[in-house]
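Shown next, in structure tokens, is the structure this report addresses.
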Amino acid sequence: MESYPLMSEQDYASKDLKRRPFRSTLILVSMTTVVASTTFLFLFGNVLLDVTSFVTSSDTTKSLGVFFETFIWATILLVLILGVVVISSTVSLEMVTRRKDIGLMKSIGTLMDTIFDHFMAQALIMLGSSVVLGIALGAFLYVLGLLWLSSIVTNLVISSSFPWLHVVALGAIYLVVGYFAAQRPIYNPRYFWFAISYCHEGHGASILRVT
Amino acid sequence: MTGEDVWTADDTYEDIDVDETERVSSAVRLVNVSRRYTIGKREIDALRDVTLDVQTDEFVAVSGPSGSGKTTLLNLIGAIDYATEGRVFVMDVPIGDYDESFRATFRLVNTGFIFQSYNLISTLTALENVMFPMQLSDKPLSEIRTDALELLETVGLTERVDHLPWQLSSGEQQRVAVARAMANDPPIILADEPTANLDAESAEMVRTLLRELHRQGKAVIAMTHDEHIIETPGARHLRMINGELSTDV
């Protein structure tokens with residue numbers, strides 16, 4: 001593949017984000033919030049699972065324990081699905097809002113690889129910072145929750161090991177899902193034709209195209 | 001589409017003699033070109049058997065009602081769309097035979113596009129928009145910048161180089177688009193209703209710029225309703241009706 005000195009030197013990606021401050025902030029805040037809340041619920045749900053099995057270890061409460069555990073497991077699963085869906089749709093929609101720019105770049109002759117690199121860099125910057133911020137915030141809430149829990153249930157022994165594996169797995173899931181979610185709209189030929197017709201006619205209404 | 005003479009992404013652009021203009025017989029040559037779109041079960045003939053020859057220094061204005069196929073014609077010449085039937089030669093290169101990455105580079109170097117609206121990349125300044133098509137240039141960045149500034153000076157926007165598209169009026173945006181179309185000094189300028197959304201003064205500026213490009217020896221092909229463009233001295237006027245191109249009216 002040929003190289004594009006201009007594109008790499010100028011590196012518009014982060015500049016682009018700064019030039020749409022409102023949108024960038026909005027996306028960052030919403031994704032961070034989602035990551036933070038899902039991280040917290042996921043980690044704390046795990047703790048509550050342990051607590052439940054500890055509290056309900058006597059015979060009389062065993063059946064109640066199964067109920068609680070199933071409920072918490074379902075919540076953890078739903079929270080994870082929610083996070084994945086929200087993150088992927090946010091990233092994907094953000095790329096869709098750029099479809100006119102993507103189409104315009106393509107119509108003046110920019111290679112798909114260059115366009116992909118440019119917009120993917122933006123998506124990854126947003127995604128990466130949201131995941132890092134969100135997980136940090138979520139983990140902080142989790143620690144707070146633990147402290148609170150141990151202060152009310154005094155005979156509870158809280159293990160001091162932080163669930164690194166869970167956190168890393170959660171971050172990885174978000175990054176992978178977000179990557180693929182951003183990829184689709186960039187490559188979608190329909191958006192290219194949408195943009196082309198927009199350039200020609202001043203609106204995107206007539207997409208005379210089934211490819 | 002298969003065979004030994006088909007170019008792939010591995011072939012370098014320099015291997016093709018498009019720059020040797022003295023050997024180029026015509027800027028654009030369409031031979032019995034048709035374009036059919038299929039929407040569900042319905043077939044629409046956007047272009048029917050169009051044959052056209054545009055010389056390297058010609059000014060061609062194509063008029064016709066909307067929906068007559070003008071935009072399709074421009075997209076075919078600009079290597080954005082493919083012909084269903086017939087052959088399209090741009091600078092004597094049969095562009096329909098090549099793959100997408102070749103066609104992308106080809107249109108970047110050989111054609112300057114001016115659209116009716118939404119011409120500029122929304123997050124780039126006027127200057128960056130003009131520099132953008134120069135992405136394949138071997139020149140250092142500072143030189144590219146100087147070239148782009150010069151082009152913006154030609155269109156009278158020296159004061160506005162650092163403005164983003166939304167900070168410019170539609171007339172100014174269109175002039176930036178003209179500067180961008182000139183960026184790689186392409187032999188062909190393609191314009192689709194370049195003056196349709198502009199006030200009288202801006203429209204006149206764009207017309208003057210188009211004529212100036214023609215004077216510099218470029219082939220200018222404009223799809224337009226603008227009588228002033230059609231009546232440009234020396235311009236060839238074609239009419240497009242229902243996908244068919246008819247010579248001078």
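Numbering starts fresh at 1 for the residues of each chain in the structure tokens, the chains themselves are lettered A, B, ... in the order given, and ligands are numbered from 1 as they appear.
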
Task: Residue neighbourhood range 50-62 of chain A, 12 Å, only C-alpha atoms, exclusion window fewer than 4 positions, as a list in words - done: Leu43, Phe44, Gly45, Asn46, Val66, Phe67, Phe68, Glu69, Thr70, Phe71, Ile72, Trp73, Leu146, Leu149, Ser150, Val153, Asn155, Leu156, Val157, Ile158 and Ser159 of chain A

Writing out the chosen residues with N, CA and C atoms as a short mmCIF file (atom, residue, chain, number, x, y, z; two decimals), in the first residue's frame:
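Result file is part.cif:
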```
data_model
loop_
_atom_site.label_atom_id
_atom_site.label_comp_id
_atom_site.auth_asym_id
_atom_site.auth_seq_id
_atom_site.Cartn_x
_atom_site.Cartn_y
_atom_site.Cartn_z
N LEU A 43 -19.19 -5.78 38.93
CA LEU A 43 -18.28 -6.14 40.02
C LEU A 43 -19.05 -6.32 41.33
N PHE A 44 -19.95 -5.38 41.59
CA PHE A 44 -20.67 -5.45 42.86
C PHE A 44 -21.65 -6.61 42.88
N GLY A 45 -22.20 -6.91 41.69
CA GLY A 45 -23.07 -8.08 41.57
C GLY A 45 -22.33 -9.34 41.99
N ASN A 46 -21.08 -9.44 41.59
CA ASN A 46 -20.28 -10.60 41.97
C ASN A 46 -20.10 -10.70 43.48
N VAL A 66 -31.04 -19.65 46.27
CA VAL A 66 -31.06 -19.96 44.83
C VAL A 66 -31.76 -18.86 44.06
N PHE A 67 -32.86 -18.40 44.65
CA PHE A 67 -33.62 -17.32 44.02
C PHE A 67 -32.78 -16.06 43.87
N PHE A 68 -32.13 -15.66 44.96
CA PHE A 68 -31.30 -14.46 44.93
C PHE A 68 -30.17 -14.59 43.91
N GLU A 69 -29.51 -15.76 43.95
CA GLU A 69 -28.35 -15.95 43.06
C GLU A 69 -28.77 -15.86 41.59
N THR A 70 -29.89 -16.51 41.26
CA THR A 70 -30.36 -16.46 39.86
C THR A 70 -30.66 -15.02 39.46
N PHE A 71 -31.30 -14.30 40.39
CA PHE A 71 -31.64 -12.92 40.11
C PHE A 71 -30.38 -12.09 39.84
N ILE A 72 -29.38 -12.25 40.69
CA ILE A 72 -28.15 -11.46 40.53
C ILE A 72 -27.43 -11.84 39.24
N TRP A 73 -27.36 -13.14 38.97
CA TRP A 73 -26.73 -13.58 37.72
C TRP A 73 -27.42 -12.96 36.51
N LEU A 146 -18.07 -1.53 48.60
CA LEU A 146 -17.50 -2.55 49.49
C LEU A 146 -17.30 -2.00 50.89
N LEU A 149 -20.60 -1.68 52.59
CA LEU A 149 -21.10 -3.00 52.94
C LEU A 149 -20.41 -3.54 54.19
N SER A 150 -19.08 -3.38 54.21
CA SER A 150 -18.34 -3.93 55.36
C SER A 150 -18.61 -3.14 56.63
N VAL A 153 -22.30 -4.66 57.62
CA VAL A 153 -22.21 -6.06 58.01
C VAL A 153 -20.81 -6.29 58.58
N ASN A 155 -19.40 -8.48 60.55
CA ASN A 155 -18.73 -9.78 60.63
C ASN A 155 -18.33 -10.33 59.26
N LEU A 156 -18.48 -9.50 58.20
CA LEU A 156 -18.14 -9.94 56.85
C LEU A 156 -16.65 -9.74 56.59
N VAL A 157 -16.01 -10.79 56.06
CA VAL A 157 -14.58 -10.64 55.73
C VAL A 157 -14.48 -10.36 54.24
N ILE A 158 -14.03 -9.14 53.93
CA ILE A 158 -13.91 -8.76 52.52
C ILE A 158 -12.52 -9.14 52.03
N SER A 159 -12.49 -9.86 50.93
CA SER A 159 -11.18 -10.22 50.38
C SER A 159 -10.54 -8.99 49.78
#
```

Quick one: residues within 9 Å of Arg145 in chain B, only C-alpha atoms, excluding same-chain residues fewer than 2 positions away - as a short mmCIF file (atom, residue, chain, number, x, y, z; two decimals) with C-alpha atoms, in the first residue's frame?
```
data_model
loop_
_atom_site.label_atom_id
_atom_site.label_comp_id
_atom_site.auth_asym_id
_atom_site.auth_seq_id
_atom_site.Cartn_x
_atom_site.Cartn_y
_atom_site.Cartn_z
CA LEU B 127 -7.01 25.69 3.98
CA GLU B 128 -7.08 22.05 5.06
CA VAL B 130 -7.77 22.64 -0.21
CA MET B 131 -4.74 20.70 1.05
CA PRO B 140 6.91 18.69 1.86
CA LEU B 141 3.98 19.84 3.94
CA SER B 142 5.13 23.46 4.05
CA GLU B 143 5.16 23.62 0.25
CA ASP B 147 0.34 26.04 -2.77
CA ALA B 148 -3.01 25.78 -1.04
CA LEU B 149 -2.73 29.36 0.25
CA GLU B 150 -2.01 30.51 -3.28
#
```

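Counting from CA of Gly112 in chain B, the distance to CA of Leu190 in chain B is 5.9 Å.
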
- [ ] Identify all chain B residues at most 9 Å from chain A by counting only C-alpha atoms; ligands do not count. Present them as a PyMOL selection string.
- [x] chain B and resi 9-10+12+37-40+71+75+78-80+100-109+111-124+131-138+140-141+144+164+181+192-193+197

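Between CA of Ala196 in chain B and CA of Met223 in chain B the interatomic distance comes to 10.4 Å.
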
Open item on the list: I need the residue nearest Ala27 in chain B from this list: B:Ile221, B:Val178, B:Ala46, B:Leu238. Use only C-alpha atoms for the distance.
Closed with: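 The answer is B:Ile221, which sits nearest to Ala27 in chain B.
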
Non-local contacts of range 180-183 of chain A (7 Å; only C-alpha atoms; under 2 positions in same chain excluded) as a PDB file with N, CA and C atoms, in the first residue's frame:
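The result, written out as selection-v2.pdb:
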```pdb
ATOM      1  N   SER A  88     -21.979  -0.064  21.363  1.00  0.00           N
ATOM      2  CA  SER A  88     -21.858  -0.276  19.921  1.00  0.00           C
ATOM      3  C   SER A  88     -22.762   0.664  19.141  1.00  0.00           C
ATOM      4  N   VAL A  91     -21.161   4.301  19.209  1.00  0.00           N
ATOM      5  CA  VAL A  91     -20.008   4.421  18.302  1.00  0.00           C
ATOM      6  C   VAL A  91     -20.468   4.399  16.851  1.00  0.00           C
ATOM      7  N   SER A  92     -21.370   3.476  16.558  1.00  0.00           N
ATOM      8  CA  SER A  92     -21.843   3.318  15.189  1.00  0.00           C
ATOM      9  C   SER A  92     -22.600   4.556  14.708  1.00  0.00           C
ATOM     10  N   MET A  95     -20.354   7.410  13.804  1.00  0.00           N
ATOM     11  CA  MET A  95     -19.774   7.274  12.467  1.00  0.00           C
ATOM     12  C   MET A  95     -20.815   7.603  11.386  1.00  0.00           C
ATOM     13  N   MET A 120     -11.467   5.624  11.972  1.00  0.00           N
ATOM     14  CA  MET A 120     -11.287   4.615  13.004  1.00  0.00           C
ATOM     15  C   MET A 120     -10.441   5.171  14.145  1.00  0.00           C
ATOM     16  N   ALA A 123     -12.795   7.024  16.299  1.00  0.00           N
ATOM     17  CA  ALA A 123     -13.660   6.123  17.068  1.00  0.00           C
ATOM     18  C   ALA A 123     -12.877   5.492  18.213  1.00  0.00           C
ATOM     19  N   VAL A 176     -13.541  -4.369  21.652  1.00  0.00           N
ATOM     20  CA  VAL A 176     -13.749  -5.213  20.456  1.00  0.00           C
ATOM     21  C   VAL A 176     -15.095  -4.898  19.814  1.00  0.00           C
ATOM     22  N   VAL A 177     -16.140  -4.854  20.644  1.00  0.00           N
ATOM     23  CA  VAL A 177     -17.481  -4.581  20.126  1.00  0.00           C
ATOM     24  C   VAL A 177     -17.543  -3.196  19.472  1.00  0.00           C
ATOM     25  N   GLY A 178     -16.945  -2.201  20.135  1.00  0.00           N
ATOM     26  CA  GLY A 178     -16.943  -0.839  19.600  1.00  0.00           C
ATOM     27  C   GLY A 178     -16.192  -0.748  18.287  1.00  0.00           C
ATOM     28  N   PRO A 185     -20.344   1.259   9.500  1.00  0.00           N
ATOM     29  CA  PRO A 185     -20.786   2.443   8.760  1.00  0.00           C
ATOM     30  C   PRO A 185     -19.706   3.032   7.854  1.00  0.00           C
ATOM     31  N   ILE A 186     -18.433   2.913   8.238  1.00  0.00           N
ATOM     32  CA  ILE A 186     -17.378   3.503   7.406  1.00  0.00           C
ATOM     33  C   ILE A 186     -17.344   2.804   6.052  1.00  0.00           C
ATOM     34  N   TYR A 187     -17.512   1.493   6.075  1.00  0.00           N
ATOM     35  CA  TYR A 187     -17.433   0.735   4.822  1.00  0.00           C
ATOM     36  C   TYR A 187     -18.751   0.654   4.068  1.00  0.00           C
TER      37      TYR A 187
END
```

Task: Atom-to-atom span, CA of Asp57 in chain B and CA of Ile189 in chain B, Å - done: 10.7 Å

TODO: Would you list the contacts of range 161-165 of chain A as a ChimeraX atom specification, taking every protein, DNA or RNA residue within 12 Å and counting only C-alpha atoms, but skipping same-chain residues closer than 6 positions in sequence?
DONE: /A:39-40,42-44,46-47,135-136,139-140,142-143,146,171-172

Task: Which of range 1-209 of chain A fall in helix (DSSP H, G or I), as a PyMOL selection string - done: chain A and resi 5-10+12-19+21-55+59-96+99-107+112-152+164-187+189-201
